[in-house]
Every structure is written in structure tokens, then in C-alpha cells.
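K.L.:
Just so it is clear, I am handing over query-v9.cif, which has mmCIF, C-alpha atoms.
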```
data_start
#
loop_
_atom_site.label_atom_id
_atom_site.label_comp_id
_atom_site.auth_asym_id
_atom_site.auth_seq_id
_atom_site.Cartn_x
_atom_site.Cartn_y
_atom_site.Cartn_z
CA MET A 522 -63.78 82.81 -105.90
CA PRO A 523 -65.52 79.63 -107.25
CA PHE A 524 -66.36 81.59 -110.41
CA LEU A 525 -62.66 82.49 -110.96
CA LEU A 526 -61.60 78.88 -110.42
CA ASP A 527 -64.15 77.62 -112.94
CA SER A 528 -62.97 80.19 -115.49
CA PHE A 529 -59.35 79.23 -114.93
CA ARG A 530 -60.14 75.53 -115.38
CA SER A 531 -62.01 76.28 -118.64
CA ILE A 532 -59.10 78.30 -120.04
CA SER A 533 -56.58 75.64 -119.01
CA THR A 534 -58.67 72.91 -120.65
CA MET A 535 -58.86 74.87 -123.95
CA GLY A 536 -55.15 75.56 -123.88
CA LEU A 537 -54.35 71.90 -123.26
CA PHE A 538 -56.64 70.88 -126.12
CA ARG A 539 -54.86 73.28 -128.50
CA ILE A 540 -51.45 71.96 -127.47
CA VAL A 541 -52.51 68.35 -128.04
CA LEU A 542 -54.00 69.27 -131.45
CA LEU A 543 -50.84 71.11 -132.52
CA PHE A 544 -48.68 68.20 -131.42
CA SER A 545 -50.82 65.77 -133.42
CA LEU A 546 -50.53 67.87 -136.57
CA CYS A 547 -46.76 68.16 -136.22
CA SER A 548 -46.55 64.39 -135.81
CA LEU A 549 -48.55 63.78 -138.99
CA ILE A 550 -46.43 66.25 -141.02
CA SER A 551 -43.24 64.69 -139.71
CA ARG A 552 -44.39 61.22 -140.71
CA ALA A 553 -45.35 62.43 -144.18
CA PHE A 554 -41.95 64.00 -144.81
CA SER A 555 -40.20 60.95 -143.36
CA HIS A 556 -42.16 58.69 -145.73
CA GLU A 557 -41.27 60.87 -148.74
CA THR A 558 -37.62 60.96 -147.74
CA VAL A 559 -37.46 57.17 -147.29
CA ASN A 560 -39.05 56.57 -150.65
CA ALA A 561 -36.68 59.03 -152.29
CA HIS A 562 -33.69 57.35 -150.61
CA ASN A 563 -34.84 53.87 -151.60
CA ASN A 564 -35.29 54.96 -155.21
CA HIS A 565 -32.04 56.95 -155.22
CA ILE A 566 -33.77 60.13 -156.39
CA LEU A 567 -34.35 63.52 -154.87
CA PRO A 568 -37.75 64.45 -153.47
CA ARG A 569 -40.29 64.96 -156.23
CA PRO A 570 -40.14 68.56 -157.57
CA LEU A 571 -43.16 70.75 -158.25
CA ILE A 572 -44.17 70.30 -161.91
CA LEU A 573 -46.55 72.64 -163.70
CA LYS A 574 -48.19 70.79 -166.54
CA TYR A 575 -49.73 72.87 -169.32
CA PRO A 576 -52.26 71.65 -171.87
CA ASP A 577 -50.59 70.07 -174.90
CA ASN A 578 -52.16 72.58 -177.31
CA LEU A 579 -51.36 75.72 -175.29
CA ILE A 580 -48.34 76.78 -177.39
CA GLU A 581 -50.21 76.12 -180.61
CA THR A 582 -53.16 78.16 -179.33
CA GLN A 583 -50.92 81.06 -178.37
CA LEU A 584 -49.21 81.02 -181.79
CA ASN A 585 -52.58 81.01 -183.52
CA GLN A 586 -53.68 83.96 -181.41
CA LEU A 587 -50.48 85.81 -182.29
CA ASN A 588 -50.96 85.11 -186.00
CA GLU A 589 -54.55 86.32 -185.84
CA GLU A 590 -53.42 89.53 -184.14
CA VAL A 591 -50.78 90.16 -186.83
CA LYS A 592 -53.37 89.49 -189.54
CA LEU A 593 -55.80 91.89 -187.89
CA GLN A 594 -53.15 94.61 -187.58
CA CYS A 595 -52.15 94.17 -191.23
CA THR A 596 -55.79 94.31 -192.31
CA THR A 597 -56.26 97.63 -190.54
CA TRP A 598 -52.99 98.84 -192.09
CA ARG A 599 -54.23 97.97 -195.59
CA PHE A 600 -57.54 99.69 -194.90
CA ALA A 601 -55.66 102.84 -193.87
CA VAL A 602 -53.60 102.64 -197.06
CA GLU A 603 -56.59 102.23 -199.37
CA ALA A 604 -58.50 105.01 -197.60
CA ASN A 605 -55.47 107.32 -197.93
CA ASN A 606 -55.33 107.75 -194.17
CA LEU A 607 -51.72 106.60 -194.08
CA ASN A 608 -49.30 108.58 -196.23
CA PRO A 609 -46.64 108.85 -197.31
CA TRP A 610 -45.11 105.40 -196.81
CA LYS A 611 -42.11 103.79 -198.50
CA THR A 612 -42.50 100.06 -197.83
CA ILE A 613 -45.01 97.65 -196.42
CA PRO A 614 -44.50 96.72 -192.73
CA ARG A 615 -42.09 93.81 -192.41
CA GLU A 616 -44.54 91.81 -190.33
CA CYS A 617 -47.14 92.16 -193.11
CA LEU A 618 -45.10 90.48 -195.86
CA GLU A 619 -47.02 87.21 -195.72
CA TYR A 620 -50.32 89.05 -195.41
CA VAL A 621 -49.70 91.22 -198.51
CA ARG A 622 -48.38 88.23 -200.45
CA ASP A 623 -51.44 86.14 -199.59
CA TYR A 624 -53.76 89.01 -200.49
CA MET A 625 -52.12 89.76 -203.83
CA MET A 626 -51.83 86.11 -204.84
CA GLY A 627 -55.18 85.01 -203.43
CA ARG A 628 -58.84 85.61 -204.23
CA GLY A 629 -59.09 88.82 -202.20
CA TYR A 630 -57.18 91.01 -204.66
CA GLY A 631 -59.03 89.59 -207.65
CA LEU A 632 -62.43 90.08 -206.02
CA ASP A 633 -61.59 93.66 -205.09
CA LEU A 634 -60.54 94.39 -208.67
CA GLU A 635 -63.77 92.92 -209.97
CA ARG A 636 -65.80 94.98 -207.52
CA VAL A 637 -64.19 98.22 -208.71
CA SER A 638 -64.59 97.27 -212.37
CA ASN A 639 -68.24 96.31 -211.94
CA GLU A 640 -69.14 99.50 -210.09
CA ALA A 641 -67.33 101.62 -212.66
CA GLY A 642 -69.15 99.78 -215.44
CA VAL A 643 -72.53 100.44 -213.84
CA TYR A 644 -71.69 104.13 -213.62
CA ALA A 645 -70.36 104.30 -217.20
CA LYS A 646 -73.60 102.82 -218.54
CA SER A 647 -75.65 105.34 -216.56
CA VAL A 648 -73.95 108.36 -218.14
CA GLU A 649 -75.68 110.01 -221.08
CA LEU A 650 -72.99 110.99 -223.57
CA ARG A 651 -73.49 114.16 -225.56
CA GLY A 652 -72.28 112.65 -228.80
CA ASP A 653 -69.78 115.39 -229.60
CA GLY A 654 -66.70 113.26 -228.95
CA LYS A 655 -65.73 115.18 -225.81
CA ASP A 656 -66.80 112.72 -223.11
CA ALA A 657 -63.59 111.22 -221.74
CA TRP A 658 -62.45 108.45 -219.42
CA ILE A 659 -58.88 108.33 -218.05
CA PHE A 660 -57.02 105.13 -217.26
CA ASP A 661 -53.73 104.87 -215.44
CA ILE A 662 -51.50 102.03 -216.69
CA ASP A 663 -49.36 100.35 -214.00
CA GLU A 664 -51.49 98.32 -211.54
CA THR A 665 -54.58 99.66 -213.33
CA LEU A 666 -54.48 98.24 -216.86
CA LEU A 667 -51.19 96.35 -216.62
CA SER A 668 -50.00 94.29 -213.66
CA ASN A 669 -46.42 94.41 -212.41
CA LEU A 670 -47.09 91.66 -209.91
CA PRO A 671 -44.46 89.36 -211.51
CA TYR A 672 -41.87 92.04 -210.73
CA TYR A 673 -43.03 92.56 -207.16
CA GLN A 674 -43.07 88.83 -206.53
CA GLU A 675 -39.28 89.03 -206.93
CA HIS A 676 -39.02 92.17 -204.78
CA GLY A 677 -40.88 91.32 -201.61
CA TYR A 678 -44.35 92.55 -202.60
CA GLY A 679 -43.33 96.09 -201.64
CA LEU A 680 -41.07 95.19 -198.73
CA GLU A 681 -38.02 96.48 -200.62
CA ILE A 682 -37.37 100.17 -201.19
CA PHE A 683 -38.44 101.01 -204.74
CA ASN A 684 -35.54 100.81 -207.19
CA PRO A 685 -36.34 102.77 -210.38
CA VAL A 686 -33.42 101.26 -212.28
CA GLU A 687 -34.54 97.70 -211.60
CA PHE A 688 -38.16 98.56 -212.32
CA ASP A 689 -37.26 100.15 -215.66
CA LYS A 690 -35.46 96.94 -216.61
CA TRP A 691 -38.72 95.11 -215.99
CA VAL A 692 -40.71 97.67 -218.03
CA GLU A 693 -38.30 97.24 -220.95
CA LYS A 694 -39.27 93.57 -221.16
CA ALA A 695 -42.85 94.61 -222.07
CA MET A 696 -44.15 91.52 -220.25
CA SER A 697 -46.69 93.04 -217.85
CA PRO A 698 -49.95 91.10 -218.18
CA ALA A 699 -53.34 92.79 -218.36
CA ILE A 700 -55.50 93.13 -215.28
CA GLU A 701 -58.50 91.23 -216.59
CA ALA A 702 -61.14 93.10 -214.59
CA SER A 703 -59.80 96.44 -215.83
CA LEU A 704 -59.56 95.19 -219.41
CA LYS A 705 -63.23 94.26 -219.22
CA LEU A 706 -64.12 97.78 -218.02
CA TYR A 707 -61.87 99.30 -220.69
CA GLU A 708 -63.71 97.46 -223.44
CA GLU A 709 -67.10 98.45 -221.98
CA VAL A 710 -66.14 102.12 -221.79
CA LEU A 711 -64.70 102.01 -225.30
CA GLY A 712 -67.88 100.41 -226.62
CA LEU A 713 -70.05 103.07 -225.00
CA GLY A 714 -68.31 105.78 -227.01
CA PHE A 715 -66.04 107.43 -224.45
CA LYS A 716 -62.78 108.99 -225.54
CA ILE A 717 -60.04 107.09 -223.75
CA PHE A 718 -56.91 108.76 -222.45
CA LEU A 719 -54.10 106.70 -220.96
CA LEU A 720 -52.26 108.85 -218.43
CA THR A 721 -49.15 107.27 -216.95
CA GLY A 722 -46.12 108.24 -214.92
CA ARG A 723 -43.88 106.30 -217.28
CA SER A 724 -41.26 108.24 -219.22
CA GLU A 725 -41.71 109.38 -222.81
CA LYS A 726 -38.60 107.32 -223.57
CA GLN A 727 -40.68 104.22 -222.80
CA ARG A 728 -43.45 105.00 -225.28
CA SER A 729 -42.74 102.30 -227.84
CA ILE A 730 -42.20 99.63 -225.17
CA THR A 731 -45.40 100.69 -223.41
CA VAL A 732 -47.40 100.60 -226.64
CA ASP A 733 -46.10 97.12 -227.44
CA ASN A 734 -46.93 95.89 -223.93
CA LEU A 735 -50.45 97.35 -224.02
CA ILE A 736 -51.24 95.83 -227.43
CA ASN A 737 -49.81 92.44 -226.48
CA ALA A 738 -51.94 92.49 -223.32
CA GLY A 739 -55.11 93.23 -225.31
CA VAL A 740 -55.42 96.97 -224.60
CA ARG A 741 -56.12 98.71 -227.92
CA TYR A 742 -57.82 101.68 -229.58
CA TRP A 743 -57.10 104.48 -227.12
CA ASP A 744 -57.34 108.11 -228.22
CA LYS A 745 -54.23 109.47 -226.52
CA LEU A 746 -51.30 108.00 -224.56
CA ILE A 747 -49.75 110.59 -222.25
CA LEU A 748 -46.30 109.96 -220.71
CA ARG A 749 -43.91 112.16 -218.74
CA SER A 750 -41.90 114.46 -220.96
CA SER A 751 -38.53 115.85 -219.90
CA ASP A 752 -40.35 118.89 -218.46
CA ASP A 753 -42.48 116.64 -216.25
CA HIS A 754 -39.66 114.76 -214.56
CA GLY A 755 -39.29 115.66 -210.90
CA LYS A 756 -42.93 116.63 -210.48
CA LEU A 757 -45.07 114.84 -207.94
CA ALA A 758 -47.54 112.52 -209.63
CA ILE A 759 -50.51 114.41 -208.22
CA ILE A 760 -49.23 117.66 -209.79
CA TYR A 761 -48.23 116.09 -213.10
CA LYS A 762 -51.55 114.31 -213.57
CA SER A 763 -53.58 117.34 -212.46
CA GLU A 764 -51.81 119.43 -215.09
CA LYS A 765 -52.57 116.88 -217.81
CA ARG A 766 -56.24 116.72 -216.82
CA ASN A 767 -56.38 120.49 -216.90
CA GLU A 768 -55.04 120.46 -220.45
CA MET A 769 -57.83 118.04 -221.42
CA VAL A 770 -60.46 120.34 -219.92
CA GLN A 771 -58.99 123.34 -221.73
CA GLU A 772 -59.32 121.36 -224.95
CA GLY A 773 -63.03 121.00 -224.24
CA TYR A 774 -63.11 117.44 -222.87
CA ARG A 775 -65.45 116.45 -220.07
CA ILE A 776 -63.69 113.96 -217.79
CA LEU A 777 -66.53 111.73 -216.67
CA GLY A 778 -64.50 108.82 -215.30
CA ASN A 779 -61.02 108.16 -213.97
CA SER A 780 -59.49 104.82 -212.94
CA GLY A 781 -56.23 104.46 -211.03
CA ASP A 782 -54.55 102.51 -208.26
CA GLN A 783 -52.93 105.55 -206.58
CA TRP A 784 -54.65 108.44 -204.91
CA SER A 785 -52.30 110.70 -206.87
CA ASP A 786 -54.05 109.36 -210.00
CA LEU A 787 -57.39 110.61 -208.72
CA LEU A 788 -56.88 113.66 -206.52
CA GLY A 789 -55.99 117.20 -207.53
CA SER A 790 -57.77 119.56 -209.87
CA PRO A 791 -59.78 119.39 -212.03
CA MET A 792 -61.67 116.47 -210.52
CA PRO A 793 -63.45 113.98 -212.79
CA SER A 794 -67.17 113.40 -212.32
CA ARG A 795 -66.38 109.98 -210.81
CA SER A 796 -63.11 108.34 -209.77
CA PHE A 797 -62.50 104.66 -209.09
CA LYS A 798 -59.63 103.51 -206.86
CA LEU A 799 -58.15 100.10 -207.57
CA PRO A 800 -56.47 98.27 -204.66
CA ASN A 801 -52.70 98.42 -204.30
CA PRO A 802 -51.06 97.74 -200.92
CA MET A 803 -47.57 97.25 -202.45
CA TYR A 804 -46.44 100.83 -203.04
CA TYR A 805 -47.40 104.47 -202.68
CA ILE A 806 -46.75 107.27 -205.20
CA PRO A 807 -47.28 110.85 -203.98
#
```
Show the structure stored in the file as C-alpha cells.
P.N.:
Amino acid sequence: MPFLLDSFRSISTMGLFRIVLLFSLCSLISRAFSHETVNAHNNHILPRPLILKYPDNLIETQLNQLNEEVKLQCTTWRFAVEANNLNPWKTIPRECLEYVRDYMMGRGYGLDLERVSNEAGVYAKSVELRGDGKDAWIFDIDETLLSNLPYYQEHGYGLEIFNPVEFDKWVEKAMSPAIEASLKLYEEVLGLGFKIFLLTGRSEKQRSITVDNLINAGVRYWDKLILRSSDDHGKLAIIYKSEKRNEMVQEGYRILGNSGDQWSDLLGSPMPSRSFKLPNPMYYIP
């Protein structure tokens, strides 16, 4: 019995202590709220709301991260385009307009052109020509020897669907400037003794305008300028250009080099000994 009484007293003491502690806490909370309410009443404002304060540069940081992500995505898109892993496509992605513009108007495009030209020049100098006048090098024209960048500056750098009527109006002006890196390669290849064929998707009706534009841009002394005849209209570029290369081979020419900005300039049969792809993220020609 004494043991039970002692246990009961111990439990009662603990319970009383908890009650006193709880009461004390409630009293403190009540006083705190009363103090806040009085202050709010005296200042004629509501109780202070909960305010989440973010760092001043948080929005700027998030925008920078978003811009970097867009740039990264557009870089991978351009890589897929140049590697011919993404085809066919009609326009550049809308979100990549600024990226393509900055690339085409900045140092990146120029450096890429120079890289292609330099590598092609190294190869051309390494080839031993047979001296029979049958060693040939093919050049495309648009975005290979001549730049239509002034036209595409006015047409969204490839964001707009290609309009052949508007583009032909531009071609008729014969104002396309030379791509300097390609002109340098052209002169090197010419000086080495290659036969030069200009193979373009332009129409035969544009021959005189094209000749004038090439000469004015500094491109001279080619052996043959091949344009689409009436029989070639409607053919895919890869088929049309393959057929023209085949005609060269049948005539006894050895196609040792080929320069173009489209994969349809380079693929197909017969294949040249070496092909050199110039950058062009603005449009795709199958």
C-alpha cells in the first residue's frame, strides 16, 4: 500500500507540473498576440503579414539561365542540321531566331567558313594532278561562292517559309557578295590546275545574271557553269546534281573535290574523292 501511494503522488506531481507549464506557455502566447494587436491598433494597420523576400538578382539569374538553355538547345539544333541528322526542315525554330542571327552576323560563321576553306586548301595541295586536264573540282554557288545573307537579313534568317518569287527578285539584282573564304579556296584550286565546274540549282534563265554577279564578286575563269534546264525543273537537288556529276564522269573527268553548303550538293552518286560542307543553318534543300 505505501508503494501505491508513493507512485500516485509521483504521477500527480508530474501531472501538476505539466498543467502549470502549459498554463505558462498559453499566458506568454496570449501576451504576445495582445501586444501585436495593440501595436496594430495604435498604428491603425492590420497585423503584419508574412512577407517572403527574394534576393534582388533572382529574376535576373532565372532569365539568364533560361537564355542559356535556349542557346544550348539552338546549338544542338544547329549541330543536328550541319550533321544532316535533322531533315527535312522548312524553317529555323522560332526560338532560335536570335541565335541564328547572332551566328550568321558574328565571328562564328566567318570562322567556320575559314576552317572549311583552309582544310579544303590543304587537301587540294596534297593531290597529285595527272596533267591531262581531267582533274575537276565542283563548286556550288549560293551560300558557297556567293552569299545571300543580305536577302535573308530581310526574311528572318530562315524563319520565313522560302518564297521562290521573292528570292528570284533578289537574284535578278546580281548583288550577292562573294564569300571571301570560298573565293580564296577557289583561287587556290584554280592556280593548282584543277578544272572548275560551277554546279547550281539556279535556272538556266538566270545564266546571264549569274555570270554578271560572279564576275562582279571576283569569281572568274571557270570551265563550265551548269544551271537547271527545263528538263531539270522539279527534280530534287540531290538527284539533279548527281546526274550532272555522272555526266562529268562519263566525259572522263575525275571529281577530286566538291564544295557546297547543302548535303544535297555533296551526297548521291558518283561521290567525289573529297567533299567539303560549308555551314548554313538558314535553309535546307533536299
K.L.:
Can you work out which one of A:Glu725, A:Asn801, A:Ser751, A:Tyr678 has the shortest atom-to-atom distance to Phe600 (chain A), counting all atoms listed in the file?
P.N.:
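Ranked by minimum distance to Phe600 (chain A), first place goes to A:Asn801.
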K.L.:
Name the residues in contact with region 709-714 of chain A at a cut-off of 9 Å, using only C-alpha atoms, excluding same-chain residues fewer than 6 positions from it; report them as a list in words.
P.N.:
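Listing them by chain and then by number gives Gly642, Ala645, Lys646, Leu650, Gly652, Gly654, Asp656, Ala657, Trp658, Tyr742 and Trp743 of chain A.
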K.L.:
Would you mind exporting C-alpha atoms of the selected residues as a short mmCIF file (atom, residue, chain, number, x, y, z; two decimals), in the coordinates of the input?
P.N.:
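Generated output (again-v1.cif):
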```cif
data_model
loop_
_atom_site.label_atom_id
_atom_site.label_comp_id
_atom_site.auth_asym_id
_atom_site.auth_seq_id
_atom_site.Cartn_x
_atom_site.Cartn_y
_atom_site.Cartn_z
CA GLY A 642 -69.15 99.78 -215.44
CA ALA A 645 -70.36 104.30 -217.20
CA LYS A 646 -73.60 102.82 -218.54
CA LEU A 650 -72.99 110.99 -223.57
CA GLY A 652 -72.28 112.65 -228.80
CA GLY A 654 -66.70 113.26 -228.95
CA ASP A 656 -66.80 112.72 -223.11
CA ALA A 657 -63.59 111.22 -221.74
CA TRP A 658 -62.45 108.45 -219.42
CA TYR A 742 -57.82 101.68 -229.58
CA TRP A 743 -57.10 104.48 -227.12
#
```
K.L.:
How many Å separate CA of Pro807 (chain A) from CA of Pro609 (chain A)?
P.N.:
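Those two atoms sit 7.0 Å apart.
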K.L.:
So, with all atoms listed in the file as the atoms that count, which of A:Tyr707, A:Trp784, A:Trp598, A:Tyr673 lies closest to Met625 (chain A)?
P.N.:
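Among the listed residues, A:Tyr673 lies closest to Met625 (chain A).
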K.L.:
A:Leu680, A:Ala695, A:Ile717, A:Ile659: which is nearest Lys762 (chain A), counting only C-alpha atoms?
P.N.:
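Distance minimum relative to Lys762 (chain A) lands on A:Ile659.
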K.L.:
For the file shown, report as a list of chain:residue names the outcome of the PyMOL selection byres ((chain A and resi 691) around 12) at residue level.
P.N.:
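Taken over the shown coordinates, the PyMOL selection byres ((chain A and resi 691) around 12) returns A:Ser668, A:Asn669, A:Leu670, A:Pro671, A:Tyr672, A:Tyr673, A:Glu675, A:His676, A:Asn684, A:Pro685, A:Val686, A:Glu687, A:Phe688, A:Asp689, A:Lys690, A:Val692, A:Glu693, A:Lys694, A:Ala695, A:Met696, A:Ser697, A:Gln727, A:Ile730, A:Thr731, A:Asn734.
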K.L.:
With distances taken over all atoms listed in the file, which of A:Glu772, A:Asp653, A:Asp663, A:Glu635 is nearest to Ile806 (chain A)?
P.N.:
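Of A:Glu772, A:Asp653, A:Asp663, A:Glu635, the one nearest Ile806 (chain A) is A:Asp663, counting all atoms listed in the file.
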K.L.:
Which distance in Å separates CA of Pro698 (chain A) and CA of Val621 (chain A), to one decimal?
P.N.:
19.7 Å
K.L.:
Run the PyMOL selection byres ((chain A and resi 786) around 12) against the file shown and list the residues it catches, as a ChimeraX atom specification.
P.N.:
/A:659-665,719-722,757-766,778-785,787-793,796-799,805-807
K.L.:
For a test of reading the model, state the distance in Å between CA of Lys716 (chain A) and CA of Ile736 (chain A), rounded to one decimal.
P.N.:
17.6 Å
K.L.:
Compile the contact shell of Glu619 (chain A) as a list in words: residues with an atom at most 10 Å away, counting only C-alpha atoms, same-chain residues fewer than 4 positions apart removed.
P.N.:
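Listing them by chain and then by number gives Lys592, Cys595, Arg615, Asp623, Tyr624, Met625, Gly677 and Tyr678 of chain A.
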K.L.:
With all atoms listed in the file as the basis for distance, which of A:Ile682, A:Val740, A:Leu666, A:Leu777 is at the shortest distance from Ser703 (chain A)?
P.N.:
A:Leu666
